[in-house]
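> Just one file: start-v2.csv, with CSV, C-alpha atoms.
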```
chain,number,residue,atom,x,y,z
M,1,MET,CA,-5.1,-11.7,66.5
M,2,LYS,CA,-1.7,-12.6,67.7
M,3,GLY,CA,1.1,-10.0,67.1
M,4,TYR,CA,-0.7,-7.0,65.6
M,5,LYS,CA,-3.7,-6.4,67.9
M,6,THR,CA,-5.8,-4.1,65.6
M,7,MET,CA,-5.4,-6.1,62.4
M,8,ASN,CA,-8.4,-7.0,60.3
M,9,ILE,CA,-8.5,-9.3,57.3
M,10,ARG,CA,-11.0,-8.9,54.5
M,11,ARG,CA,-11.5,-9.1,50.7
M,12,ALA,CA,-9.6,-6.4,48.9
M,13,GLN,CA,-11.4,-3.3,47.6
M,14,GLU,CA,-10.4,-0.7,45.0
M,15,LYS,CA,-9.2,1.7,47.7
M,16,ASP,CA,-6.5,-0.9,48.5
M,17,ILE,CA,-5.0,-0.9,45.0
M,18,PRO,CA,-2.3,1.8,45.7
M,19,ASN,CA,-0.9,-0.1,48.7
M,20,MET,CA,-1.2,-3.4,46.8
M,21,MET,CA,0.8,-1.9,43.9
M,22,LYS,CA,3.5,-0.8,46.4
M,23,LEU,CA,3.7,-4.3,47.8
M,24,LEU,CA,3.6,-5.9,44.3
M,25,ASN,CA,6.7,-3.8,43.6
M,26,GLU,CA,8.4,-5.1,46.8
M,27,VAL,CA,7.8,-8.7,45.7
M,28,LEU,CA,9.0,-8.1,42.2
M,29,GLU,CA,12.2,-6.5,43.4
M,30,ILE,CA,12.9,-9.6,45.6
M,31,HIS,CA,12.3,-11.9,42.6
M,32,ALA,CA,14.3,-9.6,40.3
M,33,GLY,CA,17.2,-9.8,42.7
M,34,ILE,CA,17.0,-13.6,42.8
M,35,ARG,CA,16.3,-14.1,39.0
M,36,PRO,CA,17.2,-11.0,36.9
M,37,ASP,CA,17.2,-13.3,33.9
M,38,ILE,CA,13.4,-13.7,34.4
M,39,PHE,CA,12.0,-10.7,36.3
M,40,ILE,CA,12.2,-7.1,35.1
M,41,SER,CA,13.1,-4.7,37.9
M,42,GLY,CA,10.8,-1.7,38.2
M,43,THR,CA,7.7,-3.5,37.0
M,44,THR,CA,4.8,-5.2,38.8
M,45,LYS,CA,3.0,-8.5,38.2
M,46,TYR,CA,-0.4,-6.8,37.6
M,47,THR,CA,-1.5,-3.4,36.4
M,48,VAL,CA,-4.1,-1.2,38.2
M,49,ASP,CA,-6.7,-2.1,35.6
M,50,GLU,CA,-6.0,-5.9,36.0
M,51,LEU,CA,-6.4,-5.5,39.8
M,52,LYS,CA,-9.7,-3.8,39.3
M,53,GLU,CA,-10.9,-6.7,37.2
M,54,MET,CA,-9.5,-9.3,39.7
M,55,LEU,CA,-11.4,-7.7,42.6
M,56,LYS,CA,-14.6,-8.8,40.9
M,57,ASP,CA,-13.7,-12.5,40.4
M,58,ASP,CA,-14.8,-14.8,43.2
M,59,ASP,CA,-12.6,-17.6,41.8
M,60,LYS,CA,-9.5,-15.3,42.3
M,61,PRO,CA,-10.1,-13.7,45.7
M,62,ILE,CA,-7.6,-11.2,47.1
M,63,TYR,CA,-7.5,-10.8,50.9
M,64,VAL,CA,-5.8,-7.9,52.7
M,65,ALA,CA,-4.7,-7.4,56.2
M,66,THR,CA,-5.4,-3.9,57.4
M,67,ASP,CA,-4.4,-1.7,60.3
M,68,GLU,CA,-6.6,0.5,62.5
M,69,GLN,CA,-6.9,3.1,59.7
M,70,ASP,CA,-8.0,0.3,57.3
M,71,ALA,CA,-4.8,0.6,55.4
M,72,CYS,CA,-3.4,-2.5,53.6
M,73,MET,CA,-0.4,-4.0,55.5
M,74,GLY,CA,-0.3,-7.2,53.4
M,75,TYR,CA,-2.2,-9.2,50.9
M,76,ALA,CA,-2.8,-12.7,49.6
M,77,PHE,CA,-3.8,-13.2,46.0
M,78,CYS,CA,-5.5,-16.5,45.6
M,79,GLN,CA,-6.9,-18.7,42.8
M,80,LYS,CA,-9.5,-21.4,43.1
M,81,ARG,CA,-8.2,-24.3,40.9
M,82,LYS,CA,-9.8,-27.6,39.9
M,83,GLN,CA,-7.6,-30.7,39.9
M,84,PRO,CA,-6.5,-33.1,38.5
M,85,PHE,CA,-4.3,-32.4,35.5
M,86,SER,CA,-4.9,-35.9,34.1
M,87,ASN,CA,-7.3,-38.9,34.3
M,88,ASN,CA,-5.3,-40.9,36.8
M,89,MET,CA,-5.7,-38.3,39.6
M,90,VAL,CA,-8.5,-37.9,42.1
M,91,PRO,CA,-10.6,-34.8,41.4
M,92,PHE,CA,-10.4,-32.0,44.0
M,93,THR,CA,-10.2,-28.3,44.4
M,94,SER,CA,-7.2,-26.3,45.6
M,95,LEU,CA,-6.9,-22.7,46.7
M,96,PHE,CA,-3.6,-21.6,45.1
M,97,ILE,CA,-1.8,-18.6,46.8
M,98,ASP,CA,-0.5,-16.8,43.7
M,99,ASP,CA,1.2,-14.1,45.8
M,100,LEU,CA,1.5,-13.3,49.5
M,101,CYS,CA,3.3,-10.2,50.7
M,102,VAL,CA,3.6,-8.2,53.9
M,103,ASP,CA,4.8,-4.6,53.9
M,104,GLN,CA,8.5,-4.5,54.9
M,105,SER,CA,7.7,-2.3,57.9
M,106,MET,CA,5.2,-4.8,59.2
M,107,ARG,CA,7.2,-8.0,58.9
M,108,GLY,CA,7.8,-9.9,62.1
M,109,LYS,CA,4.4,-8.8,63.5
M,110,HIS,CA,2.5,-12.0,62.5
M,111,VAL,CA,0.7,-10.2,59.6
M,112,GLY,CA,1.7,-13.0,57.2
M,113,GLU,CA,0.8,-15.7,59.6
M,114,ALA,CA,-2.7,-14.1,60.1
M,115,LEU,CA,-3.1,-13.8,56.3
M,116,PHE,CA,-2.1,-17.4,55.8
M,117,ASP,CA,-4.5,-18.7,58.5
M,118,TYR,CA,-7.3,-16.6,57.0
M,119,VAL,CA,-6.6,-18.1,53.5
M,120,LYS,CA,-6.8,-21.6,55.1
M,121,GLN,CA,-10.1,-20.8,56.7
M,122,GLU,CA,-11.5,-19.4,53.4
M,123,ALA,CA,-10.3,-22.5,51.5
M,124,LYS,CA,-12.1,-24.8,54.0
M,125,LYS,CA,-15.3,-22.7,53.5
M,126,MET,CA,-14.9,-23.1,49.7
M,127,GLY,CA,-14.6,-26.9,50.1
M,128,CYS,CA,-11.0,-27.0,49.0
M,129,TYR,CA,-8.9,-30.0,49.7
M,130,GLU,CA,-5.6,-28.1,50.0
M,131,VAL,CA,-3.9,-24.7,49.9
M,132,THR,CA,-0.9,-24.6,47.5
M,133,LEU,CA,1.7,-22.1,46.4
M,134,ASN,CA,5.1,-21.8,44.6
M,135,VAL,CA,8.3,-20.4,46.0
M,136,TRP,CA,11.2,-19.3,43.9
M,137,ALA,CA,14.5,-21.1,44.7
M,138,GLY,CA,16.7,-18.6,46.5
M,139,ASN,CA,13.8,-17.0,48.4
M,140,THR,CA,14.9,-18.6,51.6
M,141,PRO,CA,12.9,-16.3,54.0
M,142,ALA,CA,9.7,-17.2,52.1
M,143,GLU,CA,10.5,-20.9,52.2
M,144,LYS,CA,11.2,-20.8,55.9
M,145,PHE,CA,8.0,-18.9,56.6
M,146,TYR,CA,5.8,-21.4,54.7
M,147,GLU,CA,7.5,-24.3,56.4
M,148,LYS,CA,6.8,-22.6,59.7
M,149,MET,CA,3.2,-22.4,58.6
M,150,GLY,CA,3.2,-26.2,58.2
M,151,MET,CA,3.5,-26.4,54.4
M,152,LYS,CA,5.5,-29.2,52.9
M,153,THR,CA,7.0,-29.7,49.4
M,154,LYS,CA,4.5,-31.4,47.1
M,155,GLU,CA,6.5,-31.4,43.9
M,156,ARG,CA,9.4,-29.5,42.5
M,157,GLN,CA,9.7,-27.7,39.1
M,158,MET,CA,13.2,-28.0,37.7
M,159,GLU,CA,14.8,-26.2,34.8
M,160,TYR,CA,17.7,-26.5,32.4
M,161,ILE,CA,18.6,-23.1,31.0
M,162,LEU,CA,19.7,-23.3,27.3
```
As structure tokens - that is how I would like this structure written.


Amino acid sequence: MKGYKTMNIRRAQEKDIPNMMKLLNEVLEIHAGIRPDIFISGTTKYTVDELKEMLKDDDKPIYVATDEQDACMGYAFCQKRKQPFSNNMVPFTSLFIDDLCVDQSMRGKHVGEALFDYVKQEAKKMGCYEVTLNVWAGNTPAEKFYEKMGMKTKERQMEYIL
């Protein structure tokens, strides 16, 4: 693979949970910095027990990029979703990237790119029409990364805070 020559990408296992928890915290702190009105610093999106359950769900695959010691350098949490939301839309299946994170020390070494490419390949194998994700406004590095990966804005969610 380009960049990090000894990288492997596979489905996550229970042994990956400690590293995934560390990365979940990194992601949360980025989001808490952008939107402290929504995200609580010092927490994580999932608990260890929730991760253990998620590892068993084929409709919510978690992929990890690992180094030569099989340690997790990054992850992609995914969810298989059936579309449409209404009767006036063509039915199709999406693979939604719920969360993608690369360890801060591994950024710039094409780990995220390799994970994203792997997710696209898996989505094709599952018969998905598309890969989708959400990016929080203000997370410019993530927006630029996904645009570099060829993603385009499909729709925007807007808010009015009361």

> Calculated over all atoms listed in the file, which of the candidates M:Met126, M:Val64, M:Cys101, M:Leu28 has the smallest distance to Gln79 (chain M)?

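Of M:Met126, M:Val64, M:Cys101, M:Leu28, the one nearest Gln79 (chain M), counting all atoms listed in the file, is M:Met126.
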
> Using all atoms listed in the file, which residue out of M:Tyr63, M:Cys78, M:Gly127, M:Pro36 lies closest to Ile9 (chain M)?

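With all atoms listed in the file as the atom set, the closest residue is M:Tyr63.
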
> Can you work out the spacing between CA of Gln69 (chain M) and CA of Glu113 (chain M) in Å, to one decimal?

20.3 Å

> M:Ser41, M:Asn87, M:Thr93, M:Thr132: which is nearest Lys154 (chain M), counting all atoms listed in the file?

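Result for the nearest residue to Lys154 (chain M): M:Thr132.
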
> Which of these, M:Met151, M:Asp57, M:Gly138, M:Tyr146, has the shortest distance to Gly33 (chain M) once you count all atoms listed in the file?

M:Gly138

> Between M:Asp58, M:Glu26, M:Glu50, M:Asp103, which has the minimum distance to Gly74 (chain M) (counting only C-alpha atoms)?

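Of all the options, M:Asp103 lies closest to Gly74 (chain M).
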
> Under the rule that all atoms listed in the file are counted, which of M:Ile97, M:Ser105, M:Lys148, M:Gly42 is the nearest residue to Val119 (chain M)?

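Ranking M:Ile97, M:Ser105, M:Lys148, M:Gly42 by distance to Val119 (chain M), first place goes to M:Ile97.
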
> Just how far from CA of Leu115 (chain M) is CA of Pro84 (chain M), in Å to one decimal?

26.5 Å

> Step by step: start from the point (4.2, -12.1, 62.0) in the file's coordinates, keep every protein, DNA or RNA residue that has an atom no farther than 12 Å from it, count all atoms listed in the file, and write the set as JSON, numbers by chain.

{"M": [1, 2, 3, 4, 5, 7, 65, 73, 74, 101, 102, 103, 104, 105, 106, 107, 108, 109, 110, 111, 112, 113, 114, 115, 116, 117, 145, 146, 148, 149]}

> Around the point (-8.0, -33.8, 47.4) (coordinates from the file), which residues reach within 7 Å if we count only C-alpha atoms? Answer as a list of chain:residue names.

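Returned residue set, sorted by chain then number, is M:Val90, M:Pro91, M:Phe92, M:Thr93, M:Tyr129, M:Glu130.
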
> Generate the output file for the selected residues, C-alpha atoms, as a PDB file, keeping the file's coordinate frame.


```pdb
ATOM      1  CA  VAL M  90      -8.500 -37.900  42.100  1.00  0.00           C
ATOM      2  CA  PRO M  91     -10.600 -34.800  41.400  1.00  0.00           C
ATOM      3  CA  PHE M  92     -10.400 -32.000  44.000  1.00  0.00           C
ATOM      4  CA  THR M  93     -10.200 -28.300  44.400  1.00  0.00           C
ATOM      5  CA  TYR M 129      -8.900 -30.000  49.700  1.00  0.00           C
ATOM      6  CA  GLU M 130      -5.600 -28.100  50.000  1.00  0.00           C
TER       7      GLU M 130
END
```

> One decimal, in Å: what's the spacing between CA of Asn8 (chain M) and CA of Ala71 (chain M)?

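Computed distance, CA of Asn8 (chain M) to CA of Ala71 (chain M), equals 9.7 Å.
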
> Ile62 (chain M): which residues within 9 Å, counting only C-alpha atoms, same-chain residues fewer than 4 positions away excluded, as a list of chain:residue names?

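With the cut-off at 9 Å, the set is M:Arg10, M:Arg11, M:Ala12, M:Gln13, M:Met54, M:Leu55, M:Asp58, M:Tyr75, M:Ala76, M:Phe77, M:Cys78, M:Gln79.
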
> Need to verify the contact set: Cys128 (chain M), 12 Å, all atoms listed in the file, exclusion of same-chain residues closer than 5 positions in sequence. Can you return it as a ChimeraX atom specification?

/M:59,79-83,91-96,119-123

> Could you take the residues named above and write them with C-alpha atoms, as a short mmCIF file (atom, residue, chain, number, x, y, z; two decimals), in the frame of the given file?


```cif
data_model
loop_
_atom_site.label_atom_id
_atom_site.label_comp_id
_atom_site.auth_asym_id
_atom_site.auth_seq_id
_atom_site.Cartn_x
_atom_site.Cartn_y
_atom_site.Cartn_z
CA ASP M 59 -12.60 -17.60 41.80
CA GLN M 79 -6.90 -18.70 42.80
CA LYS M 80 -9.50 -21.40 43.10
CA ARG M 81 -8.20 -24.30 40.90
CA LYS M 82 -9.80 -27.60 39.90
CA GLN M 83 -7.60 -30.70 39.90
CA PRO M 91 -10.60 -34.80 41.40
CA PHE M 92 -10.40 -32.00 44.00
CA THR M 93 -10.20 -28.30 44.40
CA SER M 94 -7.20 -26.30 45.60
CA LEU M 95 -6.90 -22.70 46.70
CA PHE M 96 -3.60 -21.60 45.10
CA VAL M 119 -6.60 -18.10 53.50
CA LYS M 120 -6.80 -21.60 55.10
CA GLN M 121 -10.10 -20.80 56.70
CA GLU M 122 -11.50 -19.40 53.40
CA ALA M 123 -10.30 -22.50 51.50
#
```
